[in-house]
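File shown here: start_35.cif, holding mmCIF, C-alpha atoms.
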data_protein
#
loop_
_atom_site.label_atom_id
_atom_site.label_comp_id
_atom_site.auth_asym_id
_atom_site.auth_seq_id
_atom_site.Cartn_x
_atom_site.Cartn_y
_atom_site.Cartn_z
CA MET A 1 -20.81 -15.56 4.77
CA PRO A 2 -17.05 -15.21 4.38
CA GLY A 3 -16.11 -12.18 2.35
CA THR A 4 -19.22 -10.18 3.28
CA PRO A 5 -18.54 -7.52 5.96
CA ARG A 6 -20.93 -7.75 8.91
CA VAL A 7 -20.25 -4.12 9.72
CA LYS A 8 -18.09 -1.59 7.93
CA ALA A 9 -14.48 -2.53 8.59
CA PRO A 10 -12.16 0.27 9.77
CA GLN A 11 -9.38 1.38 7.45
CA MET A 12 -6.58 -0.02 9.59
CA ALA A 13 -8.25 -3.45 9.70
CA ILE A 14 -8.31 -3.53 5.90
CA ARG A 15 -4.65 -2.53 5.78
CA ARG A 16 -3.81 -5.37 8.16
CA LEU A 17 -5.66 -7.76 5.84
CA SER A 18 -3.00 -7.03 3.24
CA MET A 19 -0.31 -8.10 5.72
CA TYR A 20 -2.25 -11.27 6.54
CA TYR A 21 -2.63 -12.02 2.84
CA ARG A 22 1.09 -11.71 2.14
CA THR A 23 1.95 -13.79 5.19
CA LEU A 24 -0.46 -16.52 4.11
CA ALA A 25 1.16 -16.54 0.66
CA VAL A 26 4.56 -17.18 2.27
CA LEU A 27 3.12 -19.94 4.47
CA ARG A 28 1.61 -21.64 1.40
CA GLU A 29 4.98 -21.53 -0.35
CA GLN A 30 6.46 -23.20 2.72
CA GLY A 31 3.86 -25.96 2.58
CA VAL A 32 2.06 -24.92 5.76
CA ALA A 33 -1.55 -26.17 5.71
CA SER A 34 -3.03 -24.43 8.76
CA VAL A 35 -2.18 -21.53 11.01
CA SER A 36 -3.48 -20.29 14.37
CA SER A 37 -4.38 -16.69 15.11
CA GLU A 38 -1.48 -16.67 17.60
CA HIS A 39 1.05 -17.72 14.96
CA LEU A 40 -0.39 -15.34 12.37
CA SER A 41 -0.20 -12.50 14.86
CA THR A 42 3.43 -13.26 15.64
CA LEU A 43 4.33 -13.22 11.95
CA THR A 44 2.54 -9.93 11.29
CA GLY A 45 3.35 -8.01 14.46
CA SER A 46 -0.26 -7.90 15.61
CA THR A 47 -2.05 -9.73 18.45
CA ALA A 48 -4.13 -12.89 18.26
CA ALA A 49 -7.20 -10.97 19.43
CA GLN A 50 -6.62 -8.34 16.75
CA VAL A 51 -6.32 -10.98 14.02
CA ARG A 52 -9.58 -12.60 15.07
CA ARG A 53 -11.31 -9.22 15.32
CA ASP A 54 -10.11 -8.12 11.88
CA LEU A 55 -11.24 -11.33 10.22
CA ALA A 56 -14.59 -11.26 12.03
CA TYR A 57 -15.58 -8.16 10.05
CA PHE A 58 -15.79 -10.40 6.99
CA GLY A 59 -17.25 -13.61 8.37
CA SER A 60 -16.22 -16.78 10.17
CA PHE A 61 -13.12 -18.50 8.79
CA GLY A 62 -11.34 -20.65 11.38
CA ARG A 63 -12.21 -23.49 13.73
CA ARG A 64 -11.53 -23.41 17.46
CA GLY A 65 -8.57 -25.61 18.32
CA VAL A 66 -7.67 -26.08 14.65
CA GLY A 67 -6.99 -22.57 13.35
CA TYR A 68 -7.31 -21.34 9.79
CA ASP A 69 -6.84 -23.32 6.61
CA VAL A 70 -4.06 -21.34 4.91
CA GLU A 71 -5.16 -21.91 1.31
CA SER A 72 -8.82 -21.22 2.02
CA LEU A 73 -8.15 -18.11 4.10
CA GLN A 74 -5.78 -16.69 1.48
CA SER A 75 -8.44 -17.26 -1.17
CA HIS A 76 -11.00 -15.36 0.91
CA MET A 77 -8.52 -12.53 1.53
CA ARG A 78 -7.87 -12.37 -2.20
CA GLY A 79 -11.56 -11.88 -2.88
CA ILE A 80 -12.07 -9.35 -0.09
CA LEU A 81 -9.15 -7.21 -1.28
CA GLY A 82 -10.14 -7.45 -4.94
CA ILE A 83 -6.80 -9.00 -5.86
CA GLY A 84 -6.73 -10.68 -9.24
CA GLU A 85 -9.67 -8.79 -10.70
CA GLY A 86 -7.39 -7.17 -13.26
CA TRP A 87 -8.02 -3.57 -12.27
CA PRO A 88 -6.50 -1.37 -15.01
CA MET A 89 -4.52 1.59 -13.72
CA ALA A 90 -3.19 4.80 -15.21
CA LEU A 91 0.11 6.42 -14.26
CA VAL A 92 0.67 10.16 -14.53
CA GLY A 93 4.28 11.31 -14.32
CA VAL A 94 6.99 9.16 -15.88
CA GLY A 95 10.08 10.60 -14.22
CA ASN A 96 12.41 8.51 -12.06
CA LEU A 97 9.68 7.39 -9.65
CA GLY A 98 7.05 6.89 -12.35
CA SER A 99 9.42 4.80 -14.47
CA ALA A 100 10.18 2.65 -11.43
CA LEU A 101 6.46 2.14 -10.79
CA LEU A 102 5.96 1.07 -14.40
CA ALA A 103 8.75 -1.47 -14.05
CA TYR A 104 7.58 -2.76 -10.64
CA ASP A 105 6.73 -6.48 -10.84
CA GLY A 106 4.58 -6.45 -7.72
CA PHE A 107 1.56 -4.89 -9.41
CA PRO A 108 0.99 -7.54 -12.11
CA ARG A 109 1.66 -10.34 -9.60
CA GLN A 110 -1.30 -9.06 -7.59
CA GLY A 111 -3.52 -8.56 -10.63
CA PHE A 112 -3.09 -4.80 -10.98
CA ARG A 113 -1.97 -3.53 -14.39
CA ILE A 114 -0.69 -0.11 -15.40
CA VAL A 115 -2.19 0.06 -18.86
CA GLU A 116 -1.71 3.75 -19.65
CA ALA A 117 0.96 6.32 -18.78
CA PHE A 118 0.97 10.08 -19.31
CA ASP A 119 3.53 12.86 -19.03
CA SER A 120 3.76 16.55 -19.91
CA ASP A 121 7.41 16.36 -21.00
CA PRO A 122 7.64 16.00 -24.81
CA ARG A 123 10.92 14.12 -24.37
CA ARG A 124 9.11 11.32 -22.53
CA VAL A 125 6.00 11.18 -24.69
CA GLY A 126 6.24 8.28 -27.11
CA THR A 127 8.76 6.31 -25.06
CA VAL A 128 7.86 2.73 -24.18
CA ILE A 129 8.29 1.17 -20.74
CA ARG A 130 7.10 -2.40 -20.16
CA ASP A 131 5.00 -2.27 -23.34
CA VAL A 132 3.25 0.92 -22.16
CA VAL A 133 3.53 3.89 -24.53
CA VAL A 134 3.74 7.23 -22.70
CA LYS A 135 1.02 9.59 -23.95
CA PRO A 136 0.67 13.38 -23.68
CA MET A 137 -1.51 14.91 -20.98
CA ASP A 138 -4.10 16.16 -23.46
CA GLN A 139 -5.10 12.52 -24.04
CA VAL A 140 -5.90 11.78 -20.39
CA ARG A 141 -9.63 12.47 -20.55
CA GLU A 142 -10.29 10.52 -23.74
CA THR A 143 -8.07 7.56 -22.87
CA VAL A 144 -9.25 7.12 -19.27
CA ARG A 145 -12.90 7.25 -20.30
CA GLU A 146 -12.41 4.94 -23.27
CA ARG A 147 -10.62 2.30 -21.20
CA ARG A 148 -12.84 2.82 -18.13
CA ILE A 149 -9.90 3.31 -15.82
CA ALA A 150 -10.98 3.95 -12.24
CA MET A 151 -7.59 3.86 -10.49
CA ALA A 152 -4.56 6.09 -11.08
CA LEU A 153 -1.08 6.59 -9.66
CA LEU A 154 0.15 10.16 -9.34
CA ALA A 155 3.92 10.70 -9.57
CA VAL A 156 4.06 14.35 -10.61
CA PRO A 157 5.69 17.41 -8.97
CA ALA A 158 3.77 18.89 -6.05
CA LYS A 159 2.91 22.10 -7.91
CA ALA A 160 1.09 20.13 -10.63
CA ALA A 161 -0.57 17.49 -8.44
CA GLN A 162 -3.90 19.20 -7.66
CA ALA A 163 -4.57 20.19 -11.28
CA VAL A 164 -3.71 16.70 -12.51
CA THR A 165 -5.92 15.19 -9.81
CA GLU A 166 -8.89 17.26 -10.96
CA GLN A 167 -8.20 16.26 -14.55
CA LEU A 168 -8.21 12.57 -13.64
CA ILE A 169 -11.38 12.86 -11.55
CA ASP A 170 -13.12 14.66 -14.39
CA ALA A 171 -12.13 11.75 -16.65
CA GLY A 172 -13.76 9.25 -14.28
CA VAL A 173 -10.98 8.11 -11.94
CA ARG A 174 -12.34 7.18 -8.50
CA CYS A 175 -9.21 5.94 -6.72
CA LEU A 176 -5.91 7.81 -6.49
CA LEU A 177 -2.55 6.79 -5.07
CA ASN A 178 -0.61 10.01 -4.64
CA PHE A 179 3.19 10.07 -4.43
CA ALA A 180 3.46 13.86 -4.68
CA PRO A 181 4.53 15.57 -1.41
CA ILE A 182 1.32 17.57 -1.03
CA SER A 183 -2.15 17.16 0.50
CA LEU A 184 -4.75 16.87 -2.23
CA LYS A 185 -8.39 17.88 -2.15
CA VAL A 186 -10.83 15.40 -3.66
CA PRO A 187 -14.64 15.07 -3.60
CA SER A 188 -16.30 12.58 -1.26
CA HIS A 189 -16.86 9.95 -3.96
CA VAL A 190 -13.12 9.70 -4.69
CA TYR A 191 -10.79 7.51 -2.60
CA LEU A 192 -7.34 8.95 -1.97
CA ALA A 193 -4.24 7.36 -0.47
CA SER A 194 -0.94 9.21 -0.21
CA VAL A 195 2.63 7.97 0.11
CA ASP A 196 5.10 10.70 1.05
CA LEU A 197 8.55 9.12 1.07
CA SER A 198 10.13 12.20 2.63
CA ILE A 199 7.82 12.02 5.64
CA GLU A 200 8.68 8.36 6.19
CA VAL A 201 12.42 9.08 6.00
CA GLU A 202 12.02 12.05 8.36
CA TYR A 203 10.18 9.78 10.81
CA LEU A 204 13.04 7.28 10.70
CA SER A 205 15.51 10.14 11.12
CA TYR A 206 13.65 11.24 14.24
CA LEU A 207 13.74 7.71 15.70
CA LEU A 208 17.45 7.44 14.97
CA ARG A 209 18.14 10.78 16.64
CA GLU A 210 16.06 9.81 19.67
CA SER A 211 17.80 6.44 20.00
CA ARG A 212 21.19 8.13 19.90
CA ALA A 213 20.08 10.59 22.57
CA GLU A 214 18.87 7.71 24.77
CA ASP A 215 22.13 5.81 24.25
CA SER A 216 24.10 8.94 25.15
CA ALA A 217 22.06 9.48 28.31
CA SER A 218 22.51 5.84 29.26
CA ASN A 219 26.26 6.10 28.80
CA ASP A 220 26.34 9.25 30.94
CA ILE A 221 24.52 7.43 33.74
CA ARG A 222 26.93 4.50 33.58
CA THR A 223 29.87 6.92 33.68
CA ASP A 224 28.46 8.73 36.71
CA VAL A 225 27.89 5.45 38.57
CA THR A 226 31.42 4.28 37.81
CA THR A 227 32.88 7.57 38.98
CA MET A 228 30.99 7.40 42.26
CA MET A 229 32.07 3.82 43.09
CA PRO A 230 34.64 3.60 45.91
CA LEU A 231 38.11 2.32 45.07
#

For the file at hand, write its structure as structure tokens.
Amino acid sequence: MPGTPRVKAPQMAIRRLSMYYRTLAVLREQGVASVSSEHLSTLTGSTAAQVRRDLAYFGSFGRRGVGYDVESLQSHMRGILGIGEGWPMALVGVGNLGSALLAYDGFPRQGFRIVEAFDSDPRRVGTVIRDVVVKPMDQVRETVRERRIAMALLAVPAKAAQAVTEQLIDAGVRCLLNFAPISLKVPSHVYLASVDLSIEVEYLSYLLRESRAEDSASNDIRTDVTTMMPL
């Protein structure tokens, strides 16, 4: 059946599903009724074989020679990814990044809601961002348990991240999205994803430096060839 994994899907396949889902949403807005694996792969930077392989983990969706029904496939992807189930989330750390996450429109559009926010700074406690009142850290355990929050976003300084993580896990959080620039230790029953913006920028910096080095070497070769040409 569609939506039921035949075998456990690898992590990267699930991440690619998110790309497929967003691409299908754009195609629907454009009025496209069906799409082939070849076209979907072109739009997502994958390969047709990879698209078919990724989708096969969750059932049979398309028809040979016809492709995939865009609306139907997007609906299946929505169910597989748990989009629209209204997962309540907590946010810890309401500095510049945390405030931006609270104001981010993408979460509610996908059915994810930040319903509680916490901070250790007394100047931030009591402030309201997008109808969410920032609470003190000593209310984490009670609030998370009372509202049965299983997912949390961590936007705290690195030195506080591990202690806050343990506090959230003790309160019942099972999924963590960590923005702190540090590797966290969590028990096996907790799912952890980390986004280190500095690492991503450093990676881009490396690529830029390498491309400049390649361009410089290429220019040197062209100069040498020109110098060696007879008049």

**Request:** Record the distance separating atom CA of A:Arg63 and atom CA of A:Ala25, expressed in Å with one decimal.
**Result:**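 Atom CA of A:Ala25 lies at a distance of 19.9 Å from atom CA of A:Arg63.
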
**Asked** Counting all atoms listed in the file, which of A:Val173, A:Ala49, A:Val190, A:Val70 gets nearest to A:Arg28?
**Response** A:Val70

**For A:Tyr68: contacts at 7 Å, all atoms listed in the file, fewer than 5 positions along chain excluded, given as a PyMOL selection string** = chain A and resi 34-36+61-63+73

**Asked** If you count only C-alpha atoms, which residues fall within 9 Å of A:Val115, apart from same-chain ones fewer than 2 positions away, as a ChimeraX atom specification?
**Response** /A:88-91,113,117,131-133,149

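Atom CA of A:Met19 sits 15.6 Å away from atom CA of A:Phe107.
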
**Item:** Polymer residues at most 12 Å from (-10.2, 16.3, -2.6) by all atoms listed in the file, as a VMD selection string
**Value:** chain A and resid 161 to 166 168 to 169 174 to 176 178 182 to 194

**Prompt:** Of the residues A:Ser120, A:Asp196, A:Val92, A:Asp215, which is the one nearest to A:Leu154, using all atoms listed in the file?
**Reply:**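 Between A:Ser120, A:Asp196, A:Val92, A:Asp215, the residue approaching A:Leu154 most closely is A:Val92.
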
**Message:** Taking the file as I've supplied it (selection: the PyMOL selection byres ((chain A and resi 94) around 10)), which residues are included? Please answer as a list in words.
**Reply:**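 Selected by the PyMOL selection byres ((chain A and resi 94) around 10) here: Leu91, Val92, Gly93, Gly95, Asn96, Leu97, Gly98, Ser99, Ala100, Leu101, Leu102, Ala117, Phe118, Asp119, Ser120, Asp121, Arg124, Val125, Thr127, Ile129, Val134, Leu154, Ala155 and Val156 of chain A.
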
**Request:** Between atom CA of A:Leu177 and atom CA of A:Ala150, measure the distance and give it in Å to one decimal.
**Result:**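 Value for the atom CA of A:Leu177-atom CA of A:Ala150 distance: 11.4 Å.
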
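On the file presented, the PyMOL selection byres ((chain A and resi 44) around 9) picks out Arg16, Met19, Tyr20, Thr23, His39, Leu40, Ser41, Thr42, Leu43, Gly45, Ser46 and Thr47 of chain A.
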
**Message:** Applying 8 Å and all atoms listed in the file, which residues near A:Gly84 remain after dropping the ones on its own chain fewer than 2 positions away? List them as number ranges by chain.
**Reply:** A: 78, 82, 86-87, 110-112

**Asked** Nearest to A:Gln11: which of A:Tyr57, A:Gln167, A:Pro122, A:Gly65 is it, counting all atoms listed in the file?
**Response**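 Counting all atoms listed in the file, the residue closest to A:Gln11 is A:Tyr57.
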
With 6 Å added on each side, what axis-aligned box encloses every listed atom of stretch 57-63 of chain A? Give the centre and edge lengths in Å to one decimal, as JSON.
{"center_x": -14.3, "center_y": -15.8, "center_z": 10.4, "size_x": 17.9, "size_y": 27.3, "size_z": 18.7}
